[in-house]
>>> print(open('run.tsv').read())   # TSV, C-alpha atoms
chain	number	residue	atom	x	y	z
Q	14	MET	CA	-16.15	3.93	28.95
Q	15	HIS	CA	-15.67	5.55	25.56
Q	16	LYS	CA	-18.36	7.18	23.51
Q	17	CYS	CA	-18.86	5.34	20.22
Q	18	VAL	CA	-18.38	7.71	17.31
Q	19	MET	CA	-18.95	6.66	13.74
Q	20	VAL	CA	-15.70	6.37	11.82
Q	21	ASP	CA	-15.91	7.29	8.16
Q	22	LYS	CA	-16.11	4.20	5.92
Q	23	GLU	CA	-13.54	5.73	3.58
Q	24	LEU	CA	-11.01	5.89	6.43
Q	25	ILE	CA	-11.71	2.27	7.35
Q	26	ALA	CA	-11.27	1.23	3.71
Q	27	ALA	CA	-8.09	3.28	3.33
Q	28	THR	CA	-6.50	1.67	6.39
Q	29	SER	CA	-7.74	-1.90	5.97
Q	30	ARG	CA	-4.84	-3.25	3.91
Q	31	SER	CA	-2.17	-1.64	6.10
Q	32	LEU	CA	-3.83	-2.78	9.31
Q	33	THR	CA	-4.22	-6.33	7.99
Q	34	LEU	CA	-0.57	-6.49	6.92
Q	35	SER	CA	0.48	-5.11	10.32
Q	36	ILE	CA	-1.60	-7.66	12.21
Q	37	LEU	CA	-0.20	-10.50	10.09
Q	38	ALA	CA	3.30	-9.19	10.88
Q	39	GLU	CA	2.50	-10.02	14.54
Q	40	GLY	CA	1.97	-13.66	13.50
Q	41	ASP	CA	-0.27	-15.94	11.46
Q	42	SER	CA	-3.95	-15.34	12.05
Q	43	TYR	CA	-7.45	-16.18	10.83
Q	44	GLY	CA	-10.32	-13.89	9.90
Q	45	TYR	CA	-12.27	-13.67	13.15
Q	46	SER	CA	-9.07	-13.17	15.14
Q	47	ILE	CA	-8.02	-10.33	12.81
Q	48	ILE	CA	-11.42	-8.65	13.29
Q	49	GLN	CA	-11.05	-8.96	17.07
Q	50	ARG	CA	-7.52	-7.49	16.94
Q	51	VAL	CA	-8.75	-4.47	14.95
Q	52	ASP	CA	-11.51	-3.97	17.51
Q	53	GLU	CA	-8.90	-4.11	20.28
Q	54	LEU	CA	-6.46	-1.76	18.51
Q	55	THR	CA	-9.14	0.84	17.77
Q	56	ASP	CA	-10.97	0.56	21.09
Q	57	GLY	CA	-14.02	-0.63	19.18
Q	58	GLN	CA	-14.10	2.39	16.89
Q	59	PHE	CA	-13.44	0.46	13.64
Q	60	LYS	CA	-16.24	-2.02	12.99
Q	61	TRP	CA	-14.87	-4.63	10.61
Q	62	THR	CA	-17.03	-7.42	9.22
Q	63	ASP	CA	-16.30	-10.67	7.39
Q	64	SER	CA	-17.60	-9.13	4.18
Q	65	MET	CA	-15.08	-6.30	4.51
Q	66	LEU	CA	-12.05	-8.33	5.64
Q	67	TYR	CA	-12.12	-11.37	3.38
Q	68	PRO	CA	-11.82	-9.43	0.11
Q	69	VAL	CA	-8.73	-7.72	1.60
Q	70	LEU	CA	-7.24	-11.10	2.59
Q	71	HIS	CA	-8.00	-12.58	-0.83
Q	72	ARG	CA	-6.39	-9.63	-2.62
Q	73	LEU	CA	-3.31	-9.90	-0.40
Q	74	GLU	CA	-3.10	-13.58	-1.25
Q	75	ASP	CA	-3.74	-13.08	-4.98
Q	76	GLN	CA	-1.05	-10.38	-5.12
Q	77	GLY	CA	1.51	-12.47	-3.24
Q	78	SER	CA	1.61	-10.45	-0.02
Q	79	ALA	CA	0.01	-13.22	2.05
Q	80	SER	CA	-0.34	-16.97	1.89
Q	81	SER	CA	-2.85	-19.24	3.60
Q	82	TYR	CA	-3.16	-22.70	5.06
Q	83	TRP	CA	-5.79	-24.73	6.89
Q	84	LYS	CA	-5.36	-25.76	10.50
Q	85	PRO	CA	-7.76	-27.40	12.97
Q	86	SER	CA	-9.07	-25.17	15.73
Q	87	PRO	CA	-9.15	-26.33	19.36
Q	88	ALA	CA	-12.85	-27.14	18.75
Q	89	GLY	CA	-11.85	-29.37	15.83
Q	90	ARG	CA	-13.18	-27.27	12.94
Q	91	LYS	CA	-10.64	-26.16	10.35
Q	92	ARG	CA	-9.66	-22.51	10.17
Q	93	LYS	CA	-7.94	-20.78	7.29
Q	94	TYR	CA	-4.85	-19.02	8.59
Q	95	TYR	CA	-3.07	-16.25	6.73
Q	96	SER	CA	0.60	-15.44	6.96
Q	97	LEU	CA	2.75	-12.64	5.62
Q	98	THR	CA	5.10	-13.47	2.76
Q	99	ASP	CA	8.43	-11.77	2.08
Q	100	ALA	CA	6.64	-9.61	-0.50
Q	101	GLY	CA	4.07	-8.73	2.17
Q	102	ARG	CA	6.82	-7.67	4.56
Q	103	ARG	CA	8.29	-5.40	1.89
Q	104	GLU	CA	4.84	-3.96	1.16
Q	105	LEU	CA	4.30	-3.33	4.88
Q	106	GLU	CA	7.62	-1.50	5.15
Q	107	GLU	CA	6.62	0.76	2.24
Q	108	ARG	CA	3.17	1.36	3.72
Q	109	GLN	CA	4.76	2.23	7.08
Q	110	ARG	CA	6.96	4.78	5.32
Q	111	GLN	CA	3.97	6.32	3.55
Q	112	TRP	CA	1.76	6.40	6.65
Q	113	GLY	CA	4.66	7.98	8.55
Q	114	ILE	CA	4.68	10.86	6.08
Q	115	ALA	CA	0.93	11.34	6.46
Q	116	ALA	CA	1.08	11.08	10.27
Q	117	SER	CA	3.85	13.68	10.38
Q	118	ALA	CA	1.87	16.07	8.21
Q	119	PHE	CA	-1.28	15.68	10.34
Q	120	SER	CA	0.74	16.07	13.52
Q	121	THR	CA	2.22	19.32	12.24
Q	122	LEU	CA	-1.19	20.65	11.19
Q	123	TRP	CA	-3.22	19.48	14.17
Q	124	ASP	CA	-0.73	19.74	17.04
Q	125	GLY	CA	0.73	22.95	15.67
>>> encode(input="run.tsv", output="structure tokens")
Amino acid sequence: MHKCVMVDKELIAATSRSLTLSILAEGDSYGYSIIQRVDELTDGQFKWTDSMLYPVLHRLEDQGSASSYWKPSPAGRKRKYYSLTDAGRRELEERQRQWGIAASAFSTLWDG
């Protein structure tokens, strides 16, 4: 079992758009499912909430990086699904390039 350590809110904010784009690249998804995926990917270390995620999704949609549609859930209620657009895929590629640079720099500094 891992020890829960607080992750800086600035780090969570800085990674939220890139993580959301990356999760949508795996396939269309809805808010709660995205939050669960982040929890899974970070072993529970990033605590995302609806109030944090939905502004990110709305900005992605407003800026053309994501689109949305409604679909009934197995329980019958409608869920709003988000999908990556071509512009979103291009943005993700650029973000991957930029995060790669940062990861390489940290690896050099921290792993020596």
>>> residues_around(input="run.tsv", residues="range 58-72 of chain Q", least_positions_apart="5", cutoff="12 Å", atoms="all atoms listed in the file", output="ChimeraX atom specification")
/Q:15-34,36-37,42-53,77-81,93-97,101
>>> atom_distance(input="run.tsv", atom1="CA of Gln109 in chain Q", atom2="CA of Glu39 in chain Q")
14.5 Å
>>> atom_distance(input="run.tsv", atom1="CA of Ala38 in chain Q", atom2="CA of Thr98 in chain Q")
9.4 Å
>>> atom_distance(input="run.tsv", atom1="CA of Ala100 in chain Q", atom2="CA of Gln76 in chain Q")
9.0 Å
>>> closest_residue(input="run.tsv", among="Q:Arg110, Q:Ala116, Q:Glu104, Q:Thr121", to="Leu73 in chain Q", atoms="only C-alpha atoms")
Q:Glu104
>>> axis_aligned_box(input="run.tsv", around="range 93-110 of chain Q", padding_each_side="6 Å", output="JSON")
{"center_x": 0.2, "center_y": -8.0, "center_z": 4.0, "size_x": 28.4, "size_y": 37.6, "size_z": 21.1}
